[in-house]
$ cat work23.cif   # mmCIF, C-alpha atoms
data_upload
#
loop_
_atom_site.label_atom_id
_atom_site.label_comp_id
_atom_site.auth_asym_id
_atom_site.auth_seq_id
_atom_site.Cartn_x
_atom_site.Cartn_y
_atom_site.Cartn_z
CA MET A 224 -36.98 21.81 28.58
CA LYS A 225 -34.45 20.04 30.72
CA GLN A 226 -34.62 20.42 34.44
CA LYS A 227 -31.68 22.52 35.56
CA VAL A 228 -29.76 21.44 38.65
CA SER A 229 -26.92 23.79 39.47
CA ALA A 230 -23.44 22.49 40.16
CA LEU A 231 -23.58 23.64 43.79
CA GLU A 232 -26.98 22.00 44.28
CA ARG A 233 -25.65 18.72 42.93
CA GLY A 234 -23.34 18.56 45.90
CA TYR A 235 -20.23 16.84 44.60
CA SER A 236 -19.19 19.74 42.45
CA LYS A 237 -16.25 20.82 44.59
CA ILE A 238 -15.16 17.47 45.94
CA LEU A 239 -15.17 15.43 42.73
CA PRO A 240 -12.86 17.62 40.61
CA ALA A 241 -10.51 17.89 43.57
CA VAL A 242 -10.44 14.10 44.05
CA PHE A 243 -9.88 13.30 40.36
CA SER A 244 -7.29 16.08 40.05
CA ALA A 245 -5.46 14.74 43.08
CA ILE A 246 -5.40 11.21 41.62
CA ALA A 247 -4.14 12.52 38.28
CA LEU A 248 -1.48 14.60 40.02
CA LEU A 249 -0.35 11.61 42.06
CA ILE A 250 -0.01 9.56 38.89
CA MET A 251 2.08 12.31 37.35
CA ILE A 252 4.25 13.06 40.38
CA LEU A 253 4.84 9.49 41.49
CA PRO A 254 4.98 7.49 38.26
CA LEU A 255 7.30 4.86 39.74
CA GLN A 256 5.47 4.25 43.04
CA SER A 257 4.26 0.66 43.34
CA ALA A 258 0.60 1.66 43.60
CA VAL A 259 0.81 3.82 40.49
CA VAL A 260 2.76 1.16 38.60
CA SER A 261 0.17 -1.46 39.57
CA ALA A 262 -2.69 0.80 38.53
CA ARG A 263 -0.95 1.46 35.27
CA SER A 264 -0.48 -2.27 34.69
CA ILE A 265 -4.16 -2.91 35.32
CA LEU A 266 -5.07 -0.10 32.94
CA THR A 267 -2.74 -1.62 30.36
CA TYR A 268 -4.77 -4.82 30.53
CA ILE A 269 -7.93 -2.77 29.95
CA PHE A 270 -6.68 -0.38 27.29
CA ILE A 271 -4.23 -2.39 25.20
CA PRO A 272 -6.84 -4.85 23.82
CA GLN A 273 -8.98 -1.84 23.10
CA ILE A 274 -6.15 -0.11 21.23
CA ARG A 275 -5.46 -3.31 19.33
CA THR A 276 -9.13 -3.67 18.44
CA SER A 277 -9.23 -0.03 17.33
CA HIS A 278 -6.12 -0.55 15.24
CA LYS A 279 -7.56 -3.71 13.68
CA ILE A 280 -10.84 -2.00 12.85
CA THR A 281 -8.93 0.94 11.35
CA GLN A 282 -6.80 -1.41 9.29
CA TYR A 283 -9.91 -3.29 8.19
CA ALA A 284 -11.58 -0.03 7.16
CA LYS A 285 -8.45 1.01 5.28
CA ASP A 286 -8.20 -2.40 3.59
CA ALA A 287 -11.87 -2.26 2.66
CA PHE A 288 -11.30 1.16 1.12
CA GLN A 289 -8.26 -0.11 -0.78
CA SER A 290 -10.10 -3.25 -1.90
CA THR A 291 -13.00 -1.17 -3.19
CA ARG A 292 -10.58 1.05 -5.09
CA ASP A 293 -8.79 -2.01 -6.51
CA LEU A 294 -12.12 -3.52 -7.51
CA LEU A 295 -13.15 -0.36 -9.34
CA GLU A 296 -9.76 -0.20 -11.04
CA THR A 297 -10.07 -3.87 -12.02
CA ALA A 298 -13.51 -3.27 -13.49
CA ASP A 299 -12.10 -0.34 -15.46
CA ASN A 300 -9.13 -2.40 -16.64
CA ASN A 301 -11.47 -5.25 -17.54
CA LEU A 302 -13.43 -2.96 -19.85
CA LYS A 303 -10.23 -1.74 -21.47
CA LEU A 304 -8.96 -5.30 -21.86
CA GLN A 305 -12.23 -6.41 -23.42
CA GLU A 306 -11.86 -3.64 -25.98
CA GLU A 307 -8.25 -4.71 -26.52
CA VAL A 308 -9.32 -8.35 -27.00
CA SER A 309 -11.93 -7.31 -29.56
CA ARG A 310 -9.33 -5.24 -31.41
CA LEU A 311 -6.80 -8.09 -31.30
CA LEU A 312 -9.37 -10.62 -32.51
CA LEU A 313 -10.04 -8.39 -35.50
CA GLU A 314 -6.31 -7.94 -36.09
CA ASN A 315 -5.79 -11.69 -35.76
CA ALA A 316 -8.47 -12.37 -38.38
CA GLN A 317 -6.72 -9.95 -40.73
CA LEU A 318 -3.34 -11.53 -40.02
CA GLU A 319 -4.71 -14.99 -40.73
CA SER A 320 -5.86 -13.89 -44.14
CA LEU A 321 -2.47 -12.25 -44.73
CA LEU A 322 -0.73 -15.45 -43.63
CA ALA A 323 -2.81 -17.47 -46.04
CA GLU A 324 -1.97 -15.01 -48.79
CA ASN A 325 1.72 -15.18 -47.86
CA GLN A 326 1.54 -18.97 -47.95
CA ARG A 327 -0.02 -18.90 -51.42
CA LEU A 328 2.65 -16.51 -52.70
CA ASN A 329 5.43 -18.58 -51.13
CA ASP A 330 4.01 -21.67 -52.81
CA ALA A 331 3.82 -19.84 -56.11
CA LEU A 332 7.45 -18.69 -55.80
CA GLN A 333 8.49 -22.08 -54.38
CA LEU A 334 10.16 -20.46 -51.35
CA PRO A 335 10.97 -22.63 -48.33
CA LYS A 336 8.17 -22.64 -45.75
CA LYS A 337 8.69 -20.99 -42.40
CA ASN A 338 7.74 -23.00 -39.39
CA LYS A 339 5.31 -21.47 -36.94
CA TRP A 340 6.97 -20.59 -33.64
CA GLN A 341 5.94 -23.08 -31.04
CA GLY A 342 7.41 -24.37 -27.85
CA LEU A 343 6.97 -24.87 -24.18
CA TRP A 344 6.59 -22.13 -21.60
CA ALA A 345 8.86 -22.52 -18.58
CA LYS A 346 9.33 -20.52 -15.41
CA VAL A 347 12.69 -19.22 -14.28
CA ALA A 348 13.45 -21.30 -11.20
CA TYR A 349 16.89 -20.02 -10.28
CA ARG A 350 19.48 -17.46 -11.31
CA GLU A 351 23.07 -18.33 -10.59
CA PRO A 352 24.49 -15.51 -8.53
CA SER A 353 28.07 -16.36 -9.47
CA ARG A 354 27.33 -16.37 -13.15
CA ARG A 355 24.72 -13.86 -14.23
CA GLY A 356 24.89 -15.26 -17.76
CA THR A 357 22.70 -18.29 -17.07
CA ILE A 358 19.31 -19.13 -15.65
CA ILE A 359 17.72 -22.42 -14.63
CA VAL A 360 14.18 -23.08 -15.82
CA ASP A 361 11.66 -25.54 -14.44
CA LYS A 362 11.35 -27.72 -17.56
CA GLY A 363 13.77 -30.47 -18.53
CA SER A 364 14.27 -33.49 -20.71
CA GLN A 365 11.12 -35.10 -19.25
CA ASP A 366 9.20 -32.26 -20.87
CA GLY A 367 10.96 -32.69 -24.19
CA ILE A 368 13.60 -29.99 -23.82
CA ALA A 369 16.77 -30.70 -25.79
CA LEU A 370 20.22 -29.15 -25.88
CA ARG A 371 20.66 -26.04 -28.03
CA SER A 372 16.94 -25.25 -27.96
CA PRO A 373 16.34 -21.55 -28.66
CA VAL A 374 14.78 -19.59 -25.80
CA ILE A 375 12.68 -16.48 -26.27
CA ALA A 376 10.50 -14.41 -23.94
CA MET A 377 7.91 -11.70 -23.99
CA GLN A 378 8.51 -8.44 -22.17
CA ASP A 379 6.57 -5.18 -22.42
CA GLY A 380 4.50 -6.58 -25.25
CA GLN A 381 7.38 -7.63 -27.51
CA VAL A 382 8.97 -10.99 -28.12
CA GLY A 383 12.74 -11.14 -27.99
CA LEU A 384 15.66 -13.50 -27.85
CA VAL A 385 16.74 -14.71 -24.41
CA GLY A 386 19.35 -17.39 -25.11
CA LYS A 387 19.77 -21.10 -25.71
CA VAL A 388 19.63 -24.29 -23.64
CA ILE A 389 23.12 -25.48 -22.69
CA GLU A 390 22.40 -28.14 -20.05
CA VAL A 391 19.40 -30.42 -19.62
CA SER A 392 18.46 -32.52 -16.62
CA PRO A 393 15.21 -34.50 -16.30
CA LYS A 394 13.30 -31.70 -14.61
CA THR A 395 15.32 -28.54 -15.24
CA SER A 396 17.38 -26.91 -17.95
CA LYS A 397 20.13 -24.34 -17.91
CA VAL A 398 19.81 -21.47 -20.37
CA LEU A 399 22.81 -19.46 -21.56
CA LEU A 400 21.62 -15.87 -21.80
CA SER A 401 22.28 -13.78 -24.87
CA SER A 402 24.20 -11.26 -22.77
CA ASP A 403 26.81 -13.86 -21.75
CA GLU A 404 30.24 -13.65 -23.35
CA ASP A 405 29.99 -17.26 -24.58
CA PHE A 406 26.84 -16.53 -26.56
CA SER A 407 26.76 -15.82 -30.28
CA VAL A 408 24.14 -15.83 -33.03
CA ALA A 409 24.06 -14.86 -36.70
CA ALA A 410 21.89 -11.82 -37.20
CA TYR A 411 20.72 -9.31 -39.77
CA LEU A 412 19.84 -5.65 -39.63
CA SER A 413 16.30 -4.98 -40.79
CA GLN A 414 16.82 -1.66 -42.59
CA SER A 415 20.35 -1.86 -43.96
CA ASN A 416 19.93 -5.57 -44.80
CA LYS A 417 23.41 -6.41 -43.53
CA GLU A 418 24.45 -9.52 -41.68
CA GLY A 419 26.58 -9.67 -38.58
CA LEU A 420 27.36 -11.75 -35.56
CA VAL A 421 25.71 -10.91 -32.25
CA LEU A 422 27.84 -11.64 -29.20
CA GLY A 423 27.47 -11.24 -25.49
CA ASN A 424 30.37 -9.84 -23.48
CA SER A 425 31.83 -9.90 -20.02
CA LYS A 426 29.95 -6.73 -19.08
CA GLY A 427 26.61 -8.46 -19.61
CA THR A 428 25.74 -6.37 -22.67
CA MET A 429 25.46 -7.33 -26.35
CA LEU A 430 27.37 -6.30 -29.45
CA ILE A 431 26.96 -6.91 -33.15
CA LYS A 432 30.23 -7.49 -34.98
CA TYR A 433 31.45 -8.09 -38.53
CA ILE A 434 29.05 -5.73 -40.27
CA THR A 435 30.54 -4.81 -43.60
CA LEU A 436 31.28 -1.17 -44.33
CA GLY A 437 29.18 0.68 -46.84
CA LYS A 438 25.66 1.84 -46.30
CA ASP A 439 25.14 3.92 -43.14
CA LEU A 440 23.61 2.14 -40.20
CA THR A 441 20.55 3.65 -38.56
CA GLU A 442 20.45 4.01 -34.81
CA GLY A 443 17.51 2.02 -33.37
CA GLU A 444 17.44 -0.31 -36.37
CA LYS A 445 15.90 -3.68 -35.50
CA ILE A 446 18.22 -6.69 -35.36
CA TYR A 447 16.79 -10.15 -36.00
CA THR A 448 18.22 -13.65 -35.95
CA SER A 449 19.40 -14.62 -39.40
CA VAL A 450 18.22 -17.50 -41.52
CA SER A 451 21.85 -18.62 -41.59
CA SER A 452 21.76 -19.32 -37.84
CA ALA A 453 22.15 -23.02 -37.06
CA ILE A 454 20.26 -22.84 -33.80
CA PHE A 455 17.75 -20.02 -33.93
CA PRO A 456 14.74 -19.68 -36.21
CA ASP A 457 14.80 -16.80 -38.64
CA GLY A 458 13.28 -13.50 -37.56
CA VAL A 459 13.49 -13.53 -33.77
CA LEU A 460 13.99 -9.97 -32.58
CA ILE A 461 17.31 -9.62 -30.75
CA GLY A 462 17.30 -5.90 -30.09
CA TYR A 463 17.96 -2.47 -31.51
CA LEU A 464 21.15 -0.96 -32.88
CA GLY A 465 22.75 1.23 -30.22
CA SER A 466 24.07 4.76 -30.36
CA ALA A 467 26.02 5.68 -33.53
CA SER A 468 28.69 7.37 -31.40
CA LYS A 469 29.55 4.01 -29.83
CA GLN A 470 29.95 2.22 -33.15
CA LYS A 471 33.56 1.29 -33.98
CA ILE A 472 35.34 0.25 -37.14
CA GLU A 473 37.73 -2.66 -36.61
CA ASP A 474 39.51 -4.42 -39.52
CA SER A 475 37.04 -3.09 -42.11
CA PHE A 476 34.07 -4.23 -40.08
CA ILE A 477 31.69 -2.26 -37.90
CA THR A 478 31.13 -3.24 -34.29
CA ALA A 479 28.09 -1.70 -32.62
CA PRO A 480 26.31 -2.05 -29.27
CA ILE A 481 22.81 -3.53 -29.07
CA ILE A 482 19.92 -2.49 -26.86
CA PRO A 483 18.26 -5.87 -26.13
CA ALA A 484 14.56 -6.27 -26.93
CA VAL A 485 14.14 -8.33 -23.78
CA ASP A 486 16.17 -7.91 -20.61
CA SER A 487 17.17 -11.53 -20.24
CA ASN A 488 18.27 -10.96 -16.64
CA SER A 489 14.81 -9.98 -15.51
CA VAL A 490 12.48 -12.32 -17.38
CA ASN A 491 10.38 -14.66 -15.27
CA GLU A 492 8.89 -16.88 -17.96
CA VAL A 493 10.46 -18.07 -21.19
CA LEU A 494 9.33 -19.97 -24.27
CA ILE A 495 11.66 -22.84 -25.12
CA MET A 496 11.42 -23.62 -28.83
CA PRO A 497 12.25 -26.98 -30.37
CA ALA A 498 15.93 -27.35 -31.25
CA LEU A 499 16.78 -27.34 -34.96
CA ASN A 500 13.15 -26.62 -35.72
CA LEU A 501 12.06 -30.10 -34.66
CA PRO A 502 8.77 -30.45 -32.81
CA LEU A 503 9.27 -31.06 -29.08
CA GLY A 504 7.59 -34.50 -29.25
CA GLU A 505 10.09 -35.72 -31.81
CA GLN A 506 13.07 -34.54 -29.76
CA LYS A 507 11.84 -36.54 -26.82
CA LYS A 508 11.82 -39.71 -28.93
CA MET B 192 -25.57 -2.88 35.33
CA ILE B 193 -26.93 -2.49 31.77
CA LYS B 194 -26.37 1.25 32.01
CA PHE B 195 -22.79 0.70 33.17
CA LEU B 196 -22.16 -1.70 30.25
CA ASN B 197 -23.72 0.87 27.97
CA ILE B 198 -21.30 3.50 29.10
CA CYS B 199 -18.41 1.05 28.66
CA PHE B 200 -19.64 0.36 25.15
CA ILE B 201 -19.73 4.08 24.35
CA PHE B 202 -16.21 4.40 25.76
CA VAL B 203 -14.96 1.60 23.47
CA VAL B 204 -16.68 3.19 20.47
CA ALA B 205 -15.07 6.52 21.39
CA THR B 206 -11.58 4.96 21.50
CA ILE B 207 -12.11 3.27 18.13
CA ALA B 208 -13.37 6.49 16.56
CA HIS B 209 -10.45 8.39 18.12
CA TRP B 210 -7.93 5.92 16.71
CA LEU B 211 -9.60 6.05 13.30
CA ALA B 212 -9.43 9.87 13.29
CA ILE B 213 -5.74 9.79 14.25
CA GLU B 214 -4.92 7.30 11.48
CA LEU B 215 -6.83 9.25 8.85
CA LEU B 216 -6.11 12.87 9.80
CA GLY B 217 -2.89 12.58 11.81
CA GLN B 218 -0.84 12.73 8.61
CA TYR B 219 -2.19 16.26 7.99
CA GLY B 220 -1.20 17.48 11.46
CA ILE B 221 -4.81 17.64 12.65
CA ILE B 222 -5.80 15.79 15.79
CA LEU B 223 -9.56 15.58 16.10
CA GLY B 224 -10.60 15.59 19.76
CA ILE B 225 -12.93 12.64 19.43
CA MET B 226 -12.36 11.47 23.01
CA PHE B 227 -12.78 15.06 24.10
CA ALA B 228 -16.09 15.39 22.26
CA PHE B 229 -17.36 12.07 23.64
CA THR B 230 -16.34 13.18 27.12
CA LEU B 231 -18.30 16.43 26.89
CA VAL B 232 -21.37 14.65 25.53
CA MET B 233 -21.18 11.99 28.23
CA ALA B 234 -20.63 14.62 30.89
CA SER B 235 -23.84 16.26 29.74
CA LYS B 236 -25.67 12.93 29.83
CA LEU B 237 -24.25 11.34 32.99
CA SER B 238 -24.38 12.31 36.60
CA GLU B 239 -21.52 14.46 37.83
CA PHE B 240 -19.66 11.45 39.22
CA GLY B 241 -20.16 9.53 35.96
CA GLY B 242 -19.02 12.53 33.96
CA TYR B 243 -15.80 12.97 35.92
CA LEU B 244 -15.12 9.22 35.84
CA PHE B 245 -15.67 9.02 32.06
CA GLY B 246 -13.48 12.09 31.54
CA PHE B 247 -10.75 10.77 33.83
CA PHE B 248 -10.57 7.43 32.02
CA SER B 249 -10.74 9.11 28.61
CA GLY B 250 -7.77 11.19 29.68
CA LEU B 251 -5.89 8.14 30.91
CA PHE B 252 -6.59 6.42 27.61
CA LEU B 253 -5.05 9.36 25.75
CA ASP B 254 -2.10 9.28 28.17
CA PHE B 255 -1.32 5.78 26.91
CA PHE B 256 -0.37 7.27 23.54
CA GLY B 257 2.18 9.71 25.02
CA LYS B 258 5.72 9.06 26.24
CA ASN B 259 5.81 11.64 29.04
CA LEU B 260 3.32 13.17 31.39
CA PHE B 261 1.26 10.09 32.13
CA GLY B 262 -1.85 11.45 33.85
CA ALA B 263 -1.71 14.92 32.27
CA ASN B 264 -4.67 14.32 29.99
CA ALA B 265 -6.64 12.87 32.89
CA LEU B 266 -5.85 15.97 34.96
CA VAL B 267 -6.78 18.45 32.23
CA PHE B 268 -9.92 16.52 31.31
CA THR B 269 -11.00 16.77 34.96
CA TRP B 270 -10.51 20.55 34.90
CA ILE B 271 -12.33 20.87 31.58
CA ILE B 272 -15.31 18.91 32.92
CA PHE B 273 -15.33 21.16 35.99
CA ILE B 274 -15.53 24.20 33.69
CA PHE B 275 -18.04 22.44 31.48
CA TYR B 276 -20.43 21.84 34.40
CA ILE B 277 -20.24 25.52 35.35
CA ILE B 278 -21.08 26.49 31.74
CA ASP B 279 -23.73 23.79 31.46
CA ASP B 280 -25.61 25.35 34.39
CA LYS B 281 -25.91 28.60 32.46
CA ILE B 282 -26.26 27.50 28.83
CA ASP B 283 -28.46 24.78 27.36
CA PHE B 284 -26.00 22.31 25.85
CA ARG B 285 -28.70 20.50 23.86
CA ASP B 286 -28.69 23.01 20.99
CA SER B 287 -26.16 22.67 18.19
CA GLY B 288 -25.01 26.30 18.30
CA PRO B 289 -23.87 26.31 21.94
CA GLN B 290 -22.48 22.81 21.47
CA ILE B 291 -20.16 23.96 18.66
CA VAL B 292 -19.06 27.16 20.39
CA ILE B 293 -18.51 25.60 23.83
CA THR B 294 -16.65 22.57 22.44
CA THR B 295 -14.38 24.68 20.21
CA ALA B 296 -13.54 27.02 23.07
CA LEU B 297 -13.02 24.21 25.58
CA ASN B 298 -10.83 22.27 23.14
CA MET B 299 -8.62 25.34 22.70
CA LEU B 300 -8.51 25.75 26.47
CA PHE B 301 -7.65 22.08 26.82
CA LEU B 302 -4.67 22.44 24.48
CA ILE B 303 -3.40 25.48 26.36
CA LEU B 304 -3.85 23.84 29.77
CA TYR B 305 -2.13 20.68 28.55
CA GLY B 306 0.78 22.76 27.36
CA LEU B 307 0.97 24.54 30.72
CA VAL B 308 0.91 21.25 32.62
CA GLY B 309 3.85 20.18 30.48
CA LYS B 310 5.65 23.43 31.31
CA VAL B 311 5.18 22.81 35.03
CA PHE B 312 6.07 19.11 35.10
CA ILE B 313 8.68 18.64 32.38
CA GLY B 314 9.75 22.27 31.89
CA GLU B 315 8.51 22.37 28.31
CA PHE B 316 5.30 23.84 26.93
CA VAL B 317 3.78 20.89 25.09
CA TRP B 318 2.31 22.57 22.02
CA GLN B 319 0.47 20.58 19.38
CA GLY B 320 0.67 23.25 16.70
CA PHE B 321 -1.49 26.13 15.51
CA VAL B 322 -3.13 24.03 12.79
CA ASN B 323 -4.37 21.66 15.41
CA PHE B 324 -5.22 24.51 17.80
CA LEU B 325 -7.42 26.30 15.25
CA ILE B 326 -8.62 23.76 12.70
CA GLY B 327 -8.61 20.76 15.06
CA SER B 328 -10.64 22.65 17.68
CA VAL B 329 -13.19 23.95 15.16
CA LEU B 330 -13.56 20.51 13.58
CA THR B 331 -14.03 18.95 17.01
CA GLY B 332 -16.68 21.59 17.74
CA LEU B 333 -18.45 20.87 14.45
CA LEU B 334 -18.32 17.15 15.09
CA LEU B 335 -19.85 17.33 18.55
CA PRO B 336 -23.51 17.80 17.50
CA LEU B 337 -23.26 14.60 15.47
CA ILE B 338 -21.76 12.66 18.38
CA TYR B 339 -24.37 14.16 20.70
CA LEU B 340 -27.16 13.09 18.36
CA LEU B 341 -25.81 9.55 18.01
CA ILE B 342 -25.36 9.04 21.76
CA ASP B 343 -28.75 10.61 22.42
CA LYS B 344 -30.41 8.23 19.96
CA TYR B 345 -28.50 5.27 21.38
CA LEU B 346 -29.37 6.02 25.01
CA SER B 347 -33.02 6.69 24.21
CA TRP B 348 -33.31 3.44 22.28
CA GLY B 349 -35.84 0.92 23.73
CA PRO B 350 -34.39 -1.07 26.61
CA LEU B 351 -31.68 1.47 27.30
CA LYS B 352 -34.09 4.37 27.69
CA ASN B 353 -33.58 6.45 30.81
CA ASN B 354 -36.89 7.16 32.45
CA ASN B 355 -35.49 9.99 34.50
CA GLU B 356 -36.21 13.10 32.46
CA THR B 357 -33.59 15.08 34.35
CA LYS B 358 -31.08 13.60 31.85
CA ARG B 359 -28.67 12.25 34.49
CA ILE B 360 -27.91 8.55 34.37
CA PHE B 361 -25.36 6.40 36.19
#
$ encode --input "work23.cif" --output "C-alpha cells"
Amino acid sequence: MKQKVSALERGYSKILPAVFSAIALLIMILPLQSAVVSARSILTYIFIPQIRTSHKITQYAKDAFQSTRDLLETADNNLKLQEEVSRLLLENAQLESLLAENQRLNDALQLPKKNKWQGLWAKVAYREPSRRGTIIVDKGSQDGIALRSPVIAMQDGQVGLVGKVIEVSPKTSKVLLSSDEDFSVAAYLSQSNKEGLVLGNSKGTMLIKYITLGKDLTEGEKIYTSVSSAIFPDGVLIGYLGSASKQKIEDSFITAPIIPAVDSNSVNEVLIMPALNLPLGEQKK
Amino acid sequence: MIKFLNICFIFVVATIAHWLAIELLGQYGIILGIMFAFTLVMASKLSEFGGYLFGFFSGLFLDFFGKNLFGANALVFTWIIFIFYIIDDKIDFRDSGPQIVITTALNMLFLILYGLVGKVFIGEFVWQGFVNFLIGSVLTGLLLPLIYLLIDKYLSWGPLKNNNETKRIF
C-alpha cells in the first residue's frame, strides 16, 4: 500500500498551483511582452524539433502501414498473375498448334503467307503541343526505323493502330497519329466484309468513308487494316464502328465514326513495325 | 540527473504519442488526451513540484498547436493537477477503476475549463465538440491504465528504479 502524504502536509500545495497559474496567466495576458516573447522563442527551440520528430515518426508509421498493405496487395496480384501466366502459356501452346495447322492449310491452298508482326518498341519522348496529331518517339534511323513504318500500340490488353512514321532523324522519329486529318488507311469491316477508307479529321477523331451501300452495318463492328493497304499489314485493329445514328450517306457511300481501339494521344510506348513488311535490319542497309 | 533525463524522455514519448493520436483519430473529430493522460500519470509518480512542472510544460506544448490563447492549456493543466492532487489524497490512483473514472471526469472538466478560459480571454467559449467531450474523454480514461502500466514498468526498470517507496521522484 502506498504511503499517503496529504496535499497540505506536502507543503507546496497552495503555492505551486498559484505560481504556475500566475505564469500561465502572464503568458496569456502579455503575449507581446519581451520576456514572454523570449520565453516563447526558447520554447520554440525546444518544442519544434520535437514536433518535427513526432511528425516524422508518424509519417514513417503511416508509410510502413502503406508499404505493408502494398506488399500484401503485390503478393496477391503476383498469385493472380502467376495463374494468368499459366493460363496464357496453355493458350499459347494451343495457338501454336492452330498456327501450324493454319500454315499447313495455307500451303495446301497456296495462299500468300502472312508475316508475323515484329518490330521495335519505342517510348513516346515528346508530344507536340501545337499539333496534337503527331508524337516523337525515342528511336530513329540508327535503330533501323524507316519512313512510312506502321506504328501500333497496346492499351487495355488490346493491340491497335497508332499511326505511321513520317519523319526520321538518327535518334528520333515523328509519328503521324491515326486521328490526324492527314492520316488515311484502307480498312475492312469484320462482320459486313466491306472495305472503306479510314481517315483522321481536324477534331482529332476518326471516320470510315466510302463504304458501299447494301448490307446493314453493325454498331461496334471491328475495323481492321485491309490487305490492300500499301503501308500497313493486314489485320491490325483500328477500332470499332461508332453509333448508327451518326452514320451518314454521302454520294451513295456510308460515312461512319470510329471508336479507336487505342487512344493514340495517350499511349506511352509504341511498336514500330518494319515498313513495307521488310525486316528492320534490311531497312537499315 | 538520470531521473531528470528520464522524465524528459517520457515527455518526448508523450508528445510523439499525442501527435500520432491526432494524425490517426483527428479526422474522426476525436482528440485523445494523450498529453493529459501522461500528465496525470506523471503527477501521480512525481513530486508535487515535478507534477506541476510536467503539467505546465505539457500544456505549453499543446498551446503550440493553437492559434490563440497561448498559455491556456498550461493554465488549465495546472488547475487540473491541483484538483488531481486533492483527489489523489482520498482515492488510490493505482487501481484501474479509479484511474478510468478520475481521468474521464477530469478530461471533461478540462474541456469545460478550457472553454471558459476562452470565454474570458477571447470572448468565445472554445468548444471542441460533444463527440470529443464524450467519446474522447472516455477513450482517454480507458487509455490511462495502459499508460500508467507502461510508465510504471519503465520507471521500475533496473537502473531507473526509485528506491523511495513513497512513489515520489524528482
$ closest_atom_pairs --input "work23.cif" --of "chain B" --to "chain A" --cutoff "7 Å" --atoms "only C-alpha atoms" --output "tab-separated table"
residue	atom	partner	partner_atom	distance
B:Val203	CA	A:Gln273	CA	6.9
B:Thr206	CA	A:Ser277	CA	6.9
B:Ile207	CA	A:Ser277	CA	4.5
B:Trp210	CA	A:Ser277	CA	6.1
B:Leu211	CA	A:Thr281	CA	5.5
B:Phe240	CA	A:Leu239	CA	7.0
B:Phe252	CA	A:Phe270	CA	6.8
B:Leu260	CA	A:Met251	CA	6.1
B:Phe261	CA	A:Met251	CA	5.7
B:Gly262	CA	A:Ala247	CA	5.1
B:Ala263	CA	A:Met251	CA	6.9
B:Ala265	CA	A:Ala247	CA	6.0
B:Leu266	CA	A:Ala247	CA	5.1
B:Thr269	CA	A:Pro240	CA	6.0
B:Trp270	CA	A:Pro240	CA	6.8
B:Phe273	CA	A:Pro240	CA	6.3
B:Tyr276	CA	A:Ala230	CA	6.5
B:Ile277	CA	A:Ala230	CA	6.5
B:Asp280	CA	A:Ser229	CA	5.5
B:Thr357	CA	A:Gln226	CA	5.4
$ write_last_selection --input "work23.cif" --atoms "C-alpha atoms" --output "short mmCIF file (atom, residue, chain, number, x, y, z; two decimals), keeping the file's coordinate frame"
data_model
loop_
_atom_site.label_atom_id
_atom_site.label_comp_id
_atom_site.auth_asym_id
_atom_site.auth_seq_id
_atom_site.Cartn_x
_atom_site.Cartn_y
_atom_site.Cartn_z
CA VAL B 203 -14.96 1.60 23.47
CA THR B 206 -11.58 4.96 21.50
CA ILE B 207 -12.11 3.27 18.13
CA TRP B 210 -7.93 5.92 16.71
CA LEU B 211 -9.60 6.05 13.30
CA PHE B 240 -19.66 11.45 39.22
CA PHE B 252 -6.59 6.42 27.61
CA LEU B 260 3.32 13.17 31.39
CA PHE B 261 1.26 10.09 32.13
CA GLY B 262 -1.85 11.45 33.85
CA ALA B 263 -1.71 14.92 32.27
CA ALA B 265 -6.64 12.87 32.89
CA LEU B 266 -5.85 15.97 34.96
CA THR B 269 -11.00 16.77 34.96
CA TRP B 270 -10.51 20.55 34.90
CA PHE B 273 -15.33 21.16 35.99
CA TYR B 276 -20.43 21.84 34.40
CA ILE B 277 -20.24 25.52 35.35
CA ASP B 280 -25.61 25.35 34.39
CA THR B 357 -33.59 15.08 34.35
#
$ atom_distance --input "work23.cif" --atom1 "CA of Lys394 in chain A" --atom2 "CA of Asp366 in chain A"
7.5 Å
$ closest_residue --input "work23.cif" --among "B:Gly220, B:Ile201, B:Phe247, B:Leu346" --to "Gln319 in chain B" --atoms "only C-alpha atoms"
B:Gly220
$ closest_residue --input "work23.cif" --among "A:Pro393, A:Pro483, A:Gly383, A:Pro272" --to "Ile368 in chain A" --atoms "all atoms listed in the file"
A:Pro393
$ residues_around --input "work23.cif" --residues "Lys469 in chain A" --least-positions-apart "4" --cutoff "10 Å" --atoms "all atoms listed in the file" --output "list of chain:residue names"
A:Gly465, A:Thr478, A:Ala479, A:Pro480
$ resolve_selection --input "work23.cif" --expression "the PyMOL selection byres ((chain A and resi 431) around 7)" --output "count of residues only"
11
$ closest_residue --input "work23.cif" --among "A:Thr291, A:Ser413, A:Ser401, A:Asn301" --to "Tyr447 in chain A" --atoms "only C-alpha atoms"
A:Ser413
